[in-house]
Amino acid sequence: MVKAWYMKNISSDEDQRQEHHLDPDEPVSLAQLEKLGVIYWKIDADNIEKEGKLNAIRNERGYNYEDQCECHPDTLPDYENKLKSFFREHLHEDEEIRFIMAGSGYFDVRDKDDKWIRIEVLKGDMIVLPAGIYHRFTLDKNDYVKAMRLFKGVPVWTPHNRPADENPARQEYLDLLKNLDERTSG
Ligand code: KMT
Ligand code: NI
């Protein structure tokens with residue numbers, strides 16, 4: 001099961017690669033993530049073709065583009081700056097879809113009250129962050145991840161750094177949050 005928790009606010013001189021749990025720990029369930037529009041699947045990363053799950057998700061959701069992003073100084077051009085920009089709080093006008101092929105890391109997402117939730121991703125995890133959600137990504141203490149990036153159509157990776165409240169994708173996301181709430185409450 002995907003592990004997620006509310007995290008401490010950290011300052012820029014603290015190590016973003018640590019877990020930064022609250023004290024006491026405040027875990028976050030998959031159901032809570034779903035209420036934020038975050039989607040998660042577990043894939044058998046060593047038997048992708050045989051299992052067929054990744055392909056089924058791709059077909060169902062129309063993810064017809066893929067490439068790979070390997071976070072390592074030898075393979076990621078402009079490594080330090082890229083990692084910095086991944087960890088700057090931002091949103092996208094499209095979903096951010098990642099399948100973790102190897103390694104690990106953390107996606108941090110803001111909840112409805114603007115609190116940070118840290119989501120651990122490991123090999124075999126596939127995650128979709130909805131368009132318009134404020135988020136960021138960091139490597140963990142193992143310092144390595146290889147992810148498949150998926151997309152519907154021609155990929156746009158542009159981050160819109162916070163504040164981006166006037167972005168139409170942000171407004172649409174706030175509407176989605178309301179709908180997700182109505183659907184699951186009561
Ligand atoms: C992103 O957009 O933050 C990334 O692609 C990070 C590497 S994928 C886990
Ligand atoms: Ni992003």
# chains A, B, ... in the order shown; residues from 1 in each chain; ligands from 1
call {"tool": "residues_near_ligand", "arguments": {"ligand": "ligand 1", "cutoff": "6 Å", "atoms": "only C-alpha atoms and all ligand atoms", "output": "list in words"}}
result
Phe86, Phe137 and Ala147 of chain A
call {"tool": "write_last_selection", "arguments": {"atoms": "all heavy atoms", "output": "PDB file, in the first residue's frame"}}
result
ATOM      1  N   PHE A  86      12.114  20.721  -9.505  1.00  0.00           N
ATOM      2  CA  PHE A  86      11.126  19.707  -9.112  1.00  0.00           C
ATOM      3  C   PHE A  86      10.574  20.008  -7.710  1.00  0.00           C
ATOM      4  O   PHE A  86       9.418  19.732  -7.419  1.00  0.00           O
ATOM      5  CB  PHE A  86      11.745  18.303  -9.074  1.00  0.00           C
ATOM      6  CG  PHE A  86      12.105  17.715 -10.418  1.00  0.00           C
ATOM      7  CD1 PHE A  86      13.030  16.672 -10.505  1.00  0.00           C
ATOM      8  CD2 PHE A  86      11.531  18.195 -11.589  1.00  0.00           C
ATOM      9  CE1 PHE A  86      13.363  16.116 -11.735  1.00  0.00           C
ATOM     10  CE2 PHE A  86      11.864  17.637 -12.825  1.00  0.00           C
ATOM     11  CZ  PHE A  86      12.784  16.603 -12.886  1.00  0.00           C
ATOM     12  N   PHE A 137       8.390  17.551  -5.981  1.00  0.00           N
ATOM     13  CA  PHE A 137       8.996  16.208  -5.928  1.00  0.00           C
ATOM     14  C   PHE A 137      10.408  16.308  -5.381  1.00  0.00           C
ATOM     15  O   PHE A 137      11.136  17.245  -5.693  1.00  0.00           O
ATOM     16  CB  PHE A 137       9.050  15.582  -7.327  1.00  0.00           C
ATOM     17  CG  PHE A 137       9.782  14.265  -7.340  1.00  0.00           C
ATOM     18  CD1 PHE A 137       9.149  13.089  -6.953  1.00  0.00           C
ATOM     19  CD2 PHE A 137      11.128  14.200  -7.703  1.00  0.00           C
ATOM     20  CE1 PHE A 137       9.832  11.878  -6.914  1.00  0.00           C
ATOM     21  CE2 PHE A 137      11.821  12.986  -7.677  1.00  0.00           C
ATOM     22  CZ  PHE A 137      11.162  11.820  -7.294  1.00  0.00           C
ATOM     23  N   ALA A 147      11.866   7.039 -13.590  1.00  0.00           N
ATOM     24  CA  ALA A 147      10.409   7.061 -13.737  1.00  0.00           C
ATOM     25  C   ALA A 147      10.026   7.118 -15.208  1.00  0.00           C
ATOM     26  O   ALA A 147      10.716   7.733 -16.019  1.00  0.00           O
ATOM     27  CB  ALA A 147       9.823   8.269 -13.009  1.00  0.00           C
TER      28      ALA A 147
END
call {"tool": "closest_atom_pairs", "arguments": {"of": "chain A", "to": "ligand 2", "cutoff": "9 Å", "atoms": "only C-alpha atoms and all ligand atoms", "output": "tab-separated table"}}
result
residue	atom	partner	partner_atom_place_in_ligand_line	distance
A:Ser85	CA	ligand 2	1 (Ni)	8.9
A:Phe86	CA	ligand 2	1 (Ni)	6.4
A:Phe87	CA	ligand 2	1 (Ni)	8.5
A:Arg88	CA	ligand 2	1 (Ni)	8.9
A:Glu89	CA	ligand 2	1 (Ni)	8.2
A:His90	CA	ligand 2	1 (Ni)	6.3
A:Leu91	CA	ligand 2	1 (Ni)	6.0
A:His92	CA	ligand 2	1 (Ni)	6.2
A:Glu95	CA	ligand 2	1 (Ni)	8.7
A:Glu96	CA	ligand 2	1 (Ni)	6.1
A:Phe107	CA	ligand 2	1 (Ni)	8.9
A:Leu129	CA	ligand 2	1 (Ni)	8.3
A:Tyr134	CA	ligand 2	1 (Ni)	8.3
A:His135	CA	ligand 2	1 (Ni)	6.3
A:Arg136	CA	ligand 2	1 (Ni)	5.9
A:Phe137	CA	ligand 2	1 (Ni)	7.1
A:Trp157	CA	ligand 2	1 (Ni)	7.4
A:Thr158	CA	ligand 2	1 (Ni)	8.0
A:Pro159	CA	ligand 2	1 (Ni)	6.0
A:His160	CA	ligand 2	1 (Ni)	8.6
call {"tool": "atom_distance", "arguments": {"atom1": "atom CA of A:Leu174", "atom2": "atom CA of A:Lys115"}}
result
15.2 Å
call {"tool": "closest_residue", "arguments": {"among": "A:Lys152, A:Lys146, A:Lys178, A:Arg17", "to": "A:Cys69", "atoms": "only C-alpha atoms"}}
result
A:Lys146
call {"tool": "residues_around", "arguments": {"residues": "A:Leu54", "least_positions_apart": "3", "cutoff": "10 Å", "atoms": "only C-alpha atoms", "output": "list of chain:residue names"}}
result
A:Trp41, A:Lys42, A:Ile43, A:Asp44, A:Ala45, A:Ile48, A:Glu49, A:Glu51, A:Ile57, A:Arg58, A:Asn59, A:Glu60, A:Phe99, A:Met126
call {"tool": "write_last_selection", "arguments": {"atoms": "N, CA and C atoms", "output": "PDB file, in the first residue's frame"}}
result
ATOM      1  N   TRP A  41      -1.862   3.294  -8.490  1.00  0.00           N
ATOM      2  CA  TRP A  41      -1.921   1.858  -8.777  1.00  0.00           C
ATOM      3  C   TRP A  41      -0.577   1.220  -8.412  1.00  0.00           C
ATOM      4  N   LYS A  42      -0.627  -0.068  -8.100  1.00  0.00           N
ATOM      5  CA  LYS A  42       0.598  -0.851  -7.937  1.00  0.00           C
ATOM      6  C   LYS A  42       0.765  -1.713  -9.184  1.00  0.00           C
ATOM      7  N   ILE A  43       1.940  -1.639  -9.788  1.00  0.00           N
ATOM      8  CA  ILE A  43       2.237  -2.389 -11.008  1.00  0.00           C
ATOM      9  C   ILE A  43       3.368  -3.373 -10.689  1.00  0.00           C
ATOM     10  N   ASP A  44       3.329  -4.545 -11.301  1.00  0.00           N
ATOM     11  CA  ASP A  44       4.452  -5.480 -11.160  1.00  0.00           C
ATOM     12  C   ASP A  44       5.559  -5.044 -12.122  1.00  0.00           C
ATOM     13  N   ALA A  45       6.506  -4.284 -11.598  1.00  0.00           N
ATOM     14  CA  ALA A  45       7.514  -3.625 -12.442  1.00  0.00           C
ATOM     15  C   ALA A  45       8.446  -4.607 -13.148  1.00  0.00           C
ATOM     16  N   ILE A  48       5.857  -6.274 -16.511  1.00  0.00           N
ATOM     17  CA  ILE A  48       4.905  -5.270 -17.002  1.00  0.00           C
ATOM     18  C   ILE A  48       4.027  -5.819 -18.131  1.00  0.00           C
ATOM     19  N   GLU A  49       4.680  -6.463 -19.098  1.00  0.00           N
ATOM     20  CA  GLU A  49       3.931  -6.960 -20.259  1.00  0.00           C
ATOM     21  C   GLU A  49       2.994  -8.094 -19.868  1.00  0.00           C
ATOM     22  N   GLU A  51       1.779  -8.860 -16.964  1.00  0.00           N
ATOM     23  CA  GLU A  51       0.690  -8.447 -16.071  1.00  0.00           C
ATOM     24  C   GLU A  51      -0.397  -7.692 -16.839  1.00  0.00           C
ATOM     25  N   ILE A  57      -4.280   0.529 -18.163  1.00  0.00           N
ATOM     26  CA  ILE A  57      -4.452   1.896 -17.649  1.00  0.00           C
ATOM     27  C   ILE A  57      -4.208   2.900 -18.770  1.00  0.00           C
ATOM     28  N   ARG A  58      -3.129   2.648 -19.507  1.00  0.00           N
ATOM     29  CA  ARG A  58      -2.781   3.510 -20.636  1.00  0.00           C
ATOM     30  C   ARG A  58      -3.932   3.640 -21.630  1.00  0.00           C
ATOM     31  N   ASN A  59      -4.490   2.480 -21.991  1.00  0.00           N
ATOM     32  CA  ASN A  59      -5.574   2.484 -22.989  1.00  0.00           C
ATOM     33  C   ASN A  59      -6.804   3.179 -22.444  1.00  0.00           C
ATOM     34  N   GLU A  60      -7.142   2.844 -21.213  1.00  0.00           N
ATOM     35  CA  GLU A  60      -8.343   3.389 -20.606  1.00  0.00           C
ATOM     36  C   GLU A  60      -8.254   4.907 -20.466  1.00  0.00           C
ATOM     37  N   PHE A  99       5.272   6.546 -13.458  1.00  0.00           N
ATOM     38  CA  PHE A  99       5.394   5.142 -13.059  1.00  0.00           C
ATOM     39  C   PHE A  99       6.849   4.928 -12.624  1.00  0.00           C
ATOM     40  N   MET A 126       2.543   3.612  -9.426  1.00  0.00           N
ATOM     41  CA  MET A 126       2.124   4.520 -10.492  1.00  0.00           C
ATOM     42  C   MET A 126       1.170   5.530  -9.875  1.00  0.00           C
TER      43      MET A 126
END
call {"tool": "select_by_dssp", "arguments": {"residues": "chain A", "states": "alpha helix (DSSP H)", "output": "PyMOL selection string"}}
result
chain A and resi 30-34+48-51+53-61+79-87+168-184
call {"tool": "select_by_dssp", "arguments": {"residues": "stretch 15-173 of chain A", "states": "strand (DSSP E)", "output": "ChimeraX atom specification"}}
result
/A:39-42,65-71,90-91,96-110,116-122,125-129,135-139,145-151,160-161
call {"tool": "atom_distance", "arguments": {"atom1": "atom CA of A:Trp116", "atom2": "atom CA of A:Trp5"}}
result
8.6 Å
call {"tool": "atom_distance", "arguments": {"atom1": "atom CA of A:Asp94", "atom2": "atom CA of A:Phe151"}}
result
8.5 Å
call {"tool": "closest_residue", "arguments": {"among": "A:Asp140, A:Asp25, A:Glu120, A:Asp111", "to": "A:Tyr173", "atoms": "only C-alpha atoms"}}
result
A:Asp111
